[in-house]
file run-v3.txt (compact mmCIF, C-alpha atoms)
# COMPACT_ATOMS: atom_id res chain seq x y z
CA MET A 1 49.42 -111.02 -45.18
CA SER A 2 48.11 -107.50 -45.41
CA THR A 3 49.79 -104.20 -44.57
CA ASN A 4 47.94 -101.09 -43.51
CA VAL A 5 49.48 -97.94 -44.93
CA GLU A 6 48.49 -94.64 -43.36
CA SER A 7 48.29 -91.85 -45.81
CA GLY A 8 50.14 -88.60 -44.93
CA TRP A 9 47.73 -86.54 -46.99
CA THR A 10 45.29 -84.30 -45.20
CA ALA A 11 42.59 -82.12 -46.65
CA PRO A 12 43.72 -78.52 -47.09
CA GLU A 13 42.23 -75.86 -44.85
CA GLN A 14 39.50 -73.83 -46.40
CA ALA A 15 40.62 -70.38 -47.48
CA GLY A 16 38.00 -68.72 -45.30
CA ASP A 17 39.45 -70.35 -42.14
CA VAL A 18 42.99 -69.04 -42.60
CA GLY A 19 44.02 -66.10 -40.48
CA GLY A 20 40.60 -65.01 -39.22
CA PRO A 21 38.83 -61.69 -39.87
CA ARG A 22 40.62 -58.56 -41.08
CA PHE A 23 40.15 -56.26 -38.11
CA ASP A 24 42.03 -53.43 -39.82
CA ARG A 25 39.39 -53.24 -42.54
CA ILE A 26 36.62 -53.29 -39.97
CA VAL A 27 38.22 -50.42 -38.03
CA ILE A 28 38.84 -48.34 -41.17
CA GLY A 29 35.22 -48.83 -42.22
CA LEU A 30 33.93 -47.76 -38.80
CA LEU A 31 36.18 -44.69 -38.72
CA LEU A 32 35.11 -43.59 -42.20
CA SER A 33 31.47 -44.09 -41.24
CA ALA A 34 31.95 -41.99 -38.10
CA VAL A 35 33.56 -39.18 -40.10
CA GLY A 36 30.72 -39.27 -42.64
CA VAL A 37 28.01 -39.15 -39.98
CA GLY A 38 29.80 -36.37 -38.13
CA TRP A 39 30.20 -34.35 -41.31
CA LEU A 40 26.47 -34.63 -42.08
CA LEU A 41 25.58 -33.59 -38.53
CA ASP A 42 27.95 -30.63 -38.78
CA LEU A 43 26.35 -29.52 -42.04
CA ALA A 44 22.95 -29.81 -40.37
CA GLY A 45 24.07 -27.37 -37.66
CA VAL A 46 24.66 -29.94 -34.91
CA SER A 47 27.74 -29.31 -32.77
CA VAL A 48 30.17 -32.21 -33.30
CA PRO A 49 33.09 -32.66 -30.85
CA TRP A 50 35.69 -33.31 -33.54
CA ARG A 51 38.62 -32.87 -31.14
CA MET A 52 37.46 -36.06 -29.37
CA PHE A 53 37.73 -38.10 -32.57
CA PRO A 54 41.41 -39.14 -32.13
CA ALA A 55 40.70 -40.39 -28.59
CA GLY A 56 37.69 -42.39 -29.78
CA ALA A 57 39.73 -43.78 -32.67
CA LEU A 58 42.46 -44.91 -30.25
CA VAL A 59 39.90 -46.74 -28.09
CA LEU A 60 38.52 -48.52 -31.16
CA ILE A 61 42.00 -49.38 -32.46
CA GLY A 62 43.08 -50.66 -29.04
CA GLY A 63 40.06 -52.94 -28.83
CA ALA A 64 40.75 -54.30 -32.32
CA LEU A 65 44.40 -54.98 -31.41
CA LEU A 66 43.27 -56.99 -28.38
CA ALA A 67 40.91 -58.92 -30.63
CA THR A 68 43.79 -59.86 -32.95
CA LEU A 69 45.44 -61.67 -30.02
CA ILE A 70 42.55 -64.12 -30.03
CA GLY A 71 42.51 -64.49 -33.79
CA GLY A 72 42.45 -62.25 -36.80
CA ARG A 73 44.64 -60.22 -39.12
CA GLY A 74 45.62 -56.66 -39.77
CA ARG A 75 47.71 -55.95 -36.67
CA GLY A 76 50.37 -54.01 -38.61
CA VAL A 77 47.83 -51.65 -40.18
CA LEU A 78 46.14 -51.15 -36.80
CA ILE A 79 49.44 -50.17 -35.19
CA ALA A 80 50.05 -47.63 -37.97
CA LEU A 81 46.54 -46.22 -37.51
CA GLY A 82 47.19 -45.97 -33.79
CA ILE A 83 50.34 -43.92 -34.39
CA VAL A 84 48.49 -41.55 -36.72
CA ALA A 85 45.62 -41.15 -34.24
CA THR A 86 48.09 -40.45 -31.44
CA LEU A 87 49.91 -37.77 -33.44
CA LEU A 88 46.62 -36.17 -34.45
CA GLY A 89 45.42 -36.22 -30.85
CA VAL A 90 48.61 -34.54 -29.63
CA ALA A 91 48.47 -31.89 -32.34
CA ILE A 92 44.83 -31.06 -31.65
CA GLY A 93 45.28 -31.37 -27.91
CA VAL A 94 47.88 -28.60 -27.79
CA GLY A 95 45.74 -25.50 -27.43
CA ALA A 96 42.61 -27.40 -28.44
CA ASP A 97 40.33 -24.41 -27.81
CA ARG A 98 41.89 -22.50 -30.69
CA TYR A 99 40.65 -25.16 -33.13
CA GLN A 100 37.01 -25.16 -32.10
CA GLY A 101 34.92 -24.42 -35.16
CA PRO A 102 33.23 -25.87 -38.22
CA VAL A 103 34.56 -28.52 -40.59
CA GLY A 104 34.98 -28.15 -44.34
CA ASP A 105 36.11 -25.49 -46.80
CA HIS A 106 35.53 -21.88 -45.73
CA LEU A 107 36.15 -18.57 -47.49
CA VAL A 108 36.65 -15.35 -45.54
CA ALA A 109 36.87 -11.92 -47.20
CA PRO A 110 36.80 -9.31 -44.39
CA THR A 111 35.95 -5.67 -45.01
CA SER A 112 37.78 -2.85 -43.25
CA ALA A 113 35.03 -2.74 -40.62
CA ASP A 114 35.50 -6.44 -39.77
CA TRP A 115 38.99 -6.03 -38.32
CA PRO A 116 40.34 -7.40 -36.02
CA VAL A 117 39.54 -10.82 -37.54
CA GLN A 118 39.56 -14.23 -35.83
CA GLU A 119 38.76 -17.39 -37.77
CA HIS A 120 38.96 -20.97 -36.46
CA ILE A 121 38.01 -24.28 -38.08
CA SER A 122 38.58 -27.81 -36.83
CA ALA A 123 39.38 -29.40 -40.18
CA GLY A 124 39.32 -28.41 -43.83
CA THR A 125 40.63 -25.52 -45.93
CA LEU A 126 40.37 -21.95 -44.67
CA THR A 127 40.86 -19.38 -47.45
CA VAL A 128 41.36 -15.78 -46.35
CA ASP A 129 40.96 -13.43 -49.32
CA LEU A 130 42.34 -9.98 -48.51
CA THR A 131 42.17 -8.80 -52.12
CA ARG A 132 38.40 -8.23 -52.33
CA HIS A 133 38.21 -5.26 -49.97
CA PRO A 134 40.70 -2.54 -48.95
CA LEU A 135 42.84 -3.43 -45.96
CA PRO A 136 42.81 -1.18 -42.90
CA ASP A 137 45.86 0.92 -42.01
CA THR A 138 46.38 -1.24 -38.93
CA GLY A 139 44.82 -4.48 -37.79
CA ARG A 140 45.34 -8.07 -36.72
CA LEU A 141 44.02 -11.25 -38.31
CA GLU A 142 44.25 -14.65 -36.62
CA ALA A 143 43.54 -17.87 -38.54
CA ASP A 144 43.72 -21.35 -36.99
CA VAL A 145 43.09 -24.76 -38.55
CA GLY A 146 43.29 -27.98 -36.55
CA ALA A 147 43.87 -30.26 -39.51
CA GLY A 148 43.90 -29.04 -43.10
CA ARG A 149 45.13 -25.96 -44.91
CA ILE A 150 45.27 -22.18 -44.63
CA VAL A 151 45.45 -20.10 -47.82
CA VAL A 152 45.89 -16.32 -47.51
CA LEU A 153 45.60 -14.05 -50.56
CA VAL A 154 47.28 -10.66 -50.10
CA PRO A 155 47.09 -7.69 -52.50
CA PRO A 156 50.47 -6.96 -54.15
CA GLU A 157 50.58 -3.36 -52.92
CA ARG A 158 50.47 -4.41 -49.25
CA ASN A 159 53.15 -6.17 -47.22
CA PRO A 160 51.61 -7.25 -43.90
CA SER A 161 53.63 -8.73 -41.05
CA ILE A 162 53.17 -12.51 -41.07
CA LYS A 163 53.72 -14.97 -38.24
CA ALA A 164 53.07 -18.53 -39.40
CA SER A 165 53.43 -21.71 -37.38
CA ALA A 166 52.45 -25.36 -37.77
CA THR A 167 52.78 -28.38 -35.52
CA ALA A 168 53.41 -30.54 -38.58
CA GLY A 169 53.14 -29.70 -42.28
CA SER A 170 54.60 -27.01 -44.53
CA ILE A 171 54.71 -23.23 -45.02
CA THR A 172 54.78 -21.75 -48.54
CA VAL A 173 55.09 -18.07 -49.46
CA ASP A 174 54.48 -16.95 -53.07
CA GLY A 175 55.11 -20.43 -54.42
CA VAL A 176 58.33 -20.98 -52.44
CA LYS A 177 58.33 -23.55 -49.64
CA VAL A 178 60.05 -21.82 -46.74
CA ASP A 179 59.77 -24.68 -44.23
CA ASP A 180 58.32 -28.14 -43.79
CA GLY A 181 58.37 -30.89 -41.19
CA VAL A 182 57.38 -30.48 -37.54
CA ASP A 183 57.31 -27.53 -35.13
CA LEU A 184 57.43 -24.93 -37.90
CA GLN A 185 57.93 -21.22 -37.27
CA TRP A 186 58.26 -18.49 -39.93
CA SER A 187 57.97 -14.72 -39.85
CA GLY A 188 58.15 -12.14 -42.61
CA PRO A 189 58.78 -9.88 -44.34
CA GLY A 190 60.83 -8.10 -41.66
CA GLU A 191 61.55 -4.35 -41.86
CA ARG A 192 59.39 -3.90 -44.99
CA ALA A 193 56.20 -4.96 -43.19
CA ASP A 194 53.30 -2.55 -42.72
CA ALA A 195 51.05 -2.25 -39.67
CA VAL A 196 48.67 -5.09 -40.62
CA GLU A 197 49.56 -8.33 -38.81
CA LEU A 198 48.61 -11.87 -39.87
CA VAL A 199 48.95 -14.68 -37.31
CA LEU A 200 48.45 -18.10 -38.89
CA HIS A 201 48.61 -21.52 -37.26
CA ALA A 202 47.88 -25.07 -38.44
CA GLY A 203 47.90 -28.12 -36.19
CA LEU A 204 48.41 -30.71 -38.93
CA GLY A 205 48.51 -29.18 -42.39
CA ASP A 206 49.87 -26.55 -44.74
CA ILE A 207 49.99 -22.76 -44.74
CA GLU A 208 50.19 -20.86 -48.03
CA VAL A 209 50.50 -17.09 -48.47
CA ARG A 210 50.20 -15.56 -51.95
CA HIS A 211 50.43 -11.96 -53.16
CA GLU A 212 48.04 -11.54 -56.08

call {"tool": "encode", "arguments": {"input": "run-v3.txt", "output": "structure tokens"}}
result
Amino acid sequence: MSTNVESGWTAPEQAGDVGGPRFDRIVIGLLLSAVGVGWLLDLAGVSVPWRMFPAGALVLIGGALLATLIGGRGRGVLIALGIVATLLGVAIGVGADRYQGPVGDHLVAPTSADWPVQEHISAGTLTVDLTRHPLPDTGRLEADVGAGRIVVLVPPERNPSIKASATAGSITVDGVKVDDGVDLQWSGPGERADAVELVLHAGLGDIEVRHE
């Protein structure tokens, strides 16, 4: 008499079949590639609509999230990327025209004849050096950065009126952080200010003013 015994052992799944593709890595790679191509085009003098980047990123992220419903991994990272893209889109979308401009690091050192001064960049670091040339008796300078940093160097003998604001980031004056977080507003130095006015705004980023 014979007895058939069924084995409960089954071959393990191959590691490559578990979980499906990592859509988060695919999306990150595509976004980085898009930024790189856009940066090269911008350097070549081609107008790049950077303010549309968050919207395009959201479309790509949304498509990848739908794909994870069929099979794949990385949903948590995609959701986080979607939140970041949404915040960036809102920050740039508020008064988007003020952020139209080049991308990268830019140095501005206006002479007395250049005032009033208006400088706008979409992303990067905008350095305004007011120590290289004498400041006018009166004048207004406006500096706007969509995402990045504004650095203003002021000569120690001058005390211009400063109005700084940021949608999200920080404001630092002479090495002291005066505010950070969201919806930032700071003005100084009050009654001691002279007739030169600096109006600074960052969408997402930091503002730093230094007397040197």

call {"tool": "closest_residue", "arguments": {"input": "run-v3.txt", "among": "A:Ala202, A:Gly62, A:Pro189, A:Glu197", "to": "Gly169 in chain A", "atoms": "all atoms listed in the file"}}
result
A:Ala202

call {"tool": "atom_distance", "arguments": {"input": "run-v3.txt", "atom1": "CA of Leu130 in chain A", "atom2": "CA of Val173 in chain A"}}
result
15.1 Å

call {"tool": "atom_distance", "arguments": {"input": "run-v3.txt", "atom1": "CA of Gly20 in chain A", "atom2": "CA of Ile70 in chain A"}}
result
9.4 Å

call {"tool": "residues_around", "arguments": {"input": "run-v3.txt", "residues": "range 105-117 of chain A", "least_positions_apart": "3", "cutoff": "8 Å", "atoms": "all atoms listed in the file", "output": "PDB file with C-alpha atoms, in the frame of the given file"}}
result
ATOM      1  CA  GLY A 124      39.320 -28.410 -43.830  1.00  0.00           C
ATOM      2  CA  THR A 125      40.630 -25.520 -45.930  1.00  0.00           C
ATOM      3  CA  LEU A 126      40.370 -21.950 -44.670  1.00  0.00           C
ATOM      4  CA  THR A 127      40.860 -19.380 -47.450  1.00  0.00           C
ATOM      5  CA  VAL A 128      41.360 -15.780 -46.350  1.00  0.00           C
ATOM      6  CA  ASP A 129      40.960 -13.430 -49.320  1.00  0.00           C
ATOM      7  CA  LEU A 130      42.340  -9.980 -48.510  1.00  0.00           C
ATOM      8  CA  THR A 131      42.170  -8.800 -52.120  1.00  0.00           C
ATOM      9  CA  ARG A 132      38.400  -8.230 -52.330  1.00  0.00           C
ATOM     10  CA  HIS A 133      38.210  -5.260 -49.970  1.00  0.00           C
ATOM     11  CA  PRO A 134      40.700  -2.540 -48.950  1.00  0.00           C
ATOM     12  CA  LEU A 135      42.840  -3.430 -45.960  1.00  0.00           C
ATOM     13  CA  PRO A 136      42.810  -1.180 -42.900  1.00  0.00           C
ATOM     14  CA  GLY A 139      44.820  -4.480 -37.790  1.00  0.00           C
ATOM     15  CA  ARG A 140      45.340  -8.070 -36.720  1.00  0.00           C
ATOM     16  CA  LEU A 141      44.020 -11.250 -38.310  1.00  0.00           C
ATOM     17  CA  GLU A 142      44.250 -14.650 -36.620  1.00  0.00           C
TER      18      GLU A 142
END

call {"tool": "atom_distance", "arguments": {"input": "run-v3.txt", "atom1": "CA of Leu87 in chain A", "atom2": "CA of Arg22 in chain A"}}
result
24.0 Å

call {"tool": "residues_near_point", "arguments": {"input": "run-v3.txt", "point": "(45.4, -10.0, -54.8)", "cutoff": "6 Å", "atoms": "all atoms listed in the file", "output": "tab-separated table (two decimals) with C-alpha atoms, in the coordinates of the input"}}
result
chain	number	residue	atom	x	y	z
A	131	THR	CA	42.17	-8.80	-52.12
A	153	LEU	CA	45.60	-14.05	-50.56
A	154	VAL	CA	47.28	-10.66	-50.10
A	155	PRO	CA	47.09	-7.69	-52.50
A	156	PRO	CA	50.47	-6.96	-54.15
A	211	HIS	CA	50.43	-11.96	-53.16
A	212	GLU	CA	48.04	-11.54	-56.08

call {"tool": "residues_around", "arguments": {"input": "run-v3.txt", "residues": "Gly104 in chain A", "least_positions_apart": "3", "cutoff": "10 Å", "atoms": "all atoms listed in the file", "output": "JSON, numbers by chain"}}
result
{"A": [39, 42, 43, 101, 121, 122, 123, 124, 125, 126, 148]}

call {"tool": "axis_aligned_box", "arguments": {"input": "run-v3.txt", "around": "range 69-84 of chain A", "padding_each_side": "8 Å", "output": "lines of an AutoDock Vina configuration file"}}
result
center_x = 46.4
center_y = -53.0
center_z = -35.1
size_x = 23.9
size_y = 38.9
size_z = 26.2

call {"tool": "decode", "arguments": {"input": "run-v3.txt", "residues": "range 52-161 of chain A", "atoms": "C-alpha atoms", "output": "compact mmCIF listing (two decimals), in the first residue's frame"}}
result
# COMPACT_ATOMS: atom_id res chain seq x y z
CA MET A 52 5.63 75.76 -15.54
CA PHE A 53 7.98 73.16 -14.07
CA PRO A 54 5.93 72.44 -10.89
CA ALA A 55 2.79 71.86 -12.97
CA GLY A 56 4.62 69.50 -15.31
CA ALA A 57 6.14 67.69 -12.33
CA LEU A 58 2.67 67.22 -10.80
CA VAL A 59 1.37 65.70 -14.05
CA LEU A 60 4.31 63.27 -14.14
CA ILE A 61 3.93 62.38 -10.45
CA GLY A 62 0.18 61.86 -10.84
CA GLY A 63 0.72 59.49 -13.75
CA ALA A 64 3.30 57.52 -11.77
CA LEU A 65 0.92 57.25 -8.79
CA LEU A 66 -1.76 55.80 -11.07
CA ALA A 67 0.79 53.33 -12.39
CA THR A 68 1.55 52.13 -8.85
CA LEU A 69 -2.08 51.03 -8.54
CA ILE A 70 -1.44 48.46 -11.25
CA GLY A 71 1.88 47.36 -9.80
CA GLY A 72 5.05 48.97 -8.61
CA ARG A 73 6.69 50.63 -5.63
CA GLY A 74 7.60 54.06 -4.40
CA ARG A 75 4.15 55.47 -3.69
CA GLY A 76 5.23 57.16 -0.44
CA VAL A 77 8.12 59.01 -2.09
CA LEU A 78 5.85 60.06 -4.97
CA ILE A 79 3.31 61.53 -2.55
CA ALA A 80 6.08 63.51 -0.84
CA LEU A 81 7.33 64.77 -4.21
CA GLY A 82 3.78 65.78 -5.08
CA ILE A 83 3.49 67.85 -1.91
CA VAL A 84 6.80 69.61 -2.63
CA ALA A 85 5.77 70.31 -6.23
CA THR A 86 2.43 71.69 -5.06
CA LEU A 87 4.06 74.03 -2.53
CA LEU A 88 6.57 75.21 -5.12
CA GLY A 89 3.80 75.79 -7.65
CA VAL A 90 1.80 77.86 -5.17
CA ALA A 91 4.82 79.92 -4.16
CA ILE A 92 5.79 80.65 -7.76
CA GLY A 93 2.20 81.10 -8.84
CA VAL A 94 1.63 83.99 -6.43
CA GLY A 95 2.77 86.97 -8.47
CA ALA A 96 4.53 84.72 -10.98
CA ASP A 97 5.46 87.63 -13.26
CA ARG A 98 7.81 89.04 -10.64
CA TYR A 99 9.95 85.89 -10.87
CA GLN A 100 10.46 85.87 -14.62
CA GLY A 101 14.17 85.88 -15.31
CA PRO A 102 17.28 83.76 -15.69
CA VAL A 103 18.36 80.79 -13.58
CA GLY A 104 21.63 80.45 -11.71
CA ASP A 105 23.93 82.64 -9.64
CA HIS A 106 23.92 86.35 -10.51
CA LEU A 107 25.93 89.29 -9.17
CA VAL A 108 24.64 92.85 -9.41
CA ALA A 109 26.74 95.90 -8.48
CA PRO A 110 24.77 98.99 -9.59
CA THR A 111 26.39 102.39 -10.04
CA SER A 112 24.66 105.60 -9.00
CA ALA A 113 23.40 106.06 -12.56
CA ASP A 114 21.71 102.63 -12.56
CA TRP A 115 19.12 103.52 -9.91
CA PRO A 116 16.25 102.70 -9.61
CA VAL A 117 17.24 99.01 -9.83
CA GLN A 118 15.01 96.00 -10.56
CA GLU A 119 16.43 92.48 -10.60
CA HIS A 120 14.45 89.25 -11.01
CA ILE A 121 15.60 85.63 -11.32
CA SER A 122 13.55 82.46 -11.37
CA ALA A 123 15.92 80.29 -9.34
CA GLY A 124 19.42 80.56 -7.93
CA THR A 125 21.38 83.05 -5.84
CA LEU A 126 21.07 86.77 -6.49
CA THR A 127 23.89 88.78 -4.89
CA VAL A 128 23.43 92.55 -4.78
CA ASP A 129 26.73 94.25 -3.91
CA LEU A 130 26.16 97.87 -2.89
CA THR A 131 29.70 98.31 -1.59
CA ARG A 132 31.49 98.60 -4.96
CA HIS A 133 30.03 101.96 -6.00
CA PRO A 134 28.70 104.97 -4.05
CA LEU A 135 24.99 104.80 -3.30
CA PRO A 136 22.71 107.60 -4.48
CA ASP A 137 21.15 110.01 -1.99
CA THR A 138 17.74 108.53 -2.78
CA GLY A 139 16.67 105.48 -4.74
CA ARG A 140 14.79 102.21 -4.76
CA LEU A 141 16.08 98.71 -5.41
CA GLU A 142 13.79 95.72 -5.95
CA ALA A 143 15.15 92.15 -5.91
CA ASP A 144 12.98 89.05 -6.44
CA VAL A 145 13.94 85.38 -6.48
CA GLY A 146 11.42 82.63 -7.16
CA ALA A 147 13.39 79.84 -5.51
CA GLY A 148 16.84 80.35 -4.04
CA ARG A 149 18.61 83.09 -2.12
CA ILE A 150 19.06 86.85 -2.02
CA VAL A 151 22.28 88.28 -0.54
CA VAL A 152 22.59 92.06 -0.17
CA LEU A 153 25.90 93.67 0.82
CA VAL A 154 25.51 97.19 2.26
CA PRO A 155 28.34 99.62 3.10
CA PRO A 156 28.64 100.21 6.87
CA GLU A 157 28.22 103.98 6.57
CA ARG A 158 24.76 103.66 4.99
CA ASN A 159 21.53 102.49 6.61
CA PRO A 160 18.93 101.99 3.86
CA SER A 161 15.29 101.22 4.55
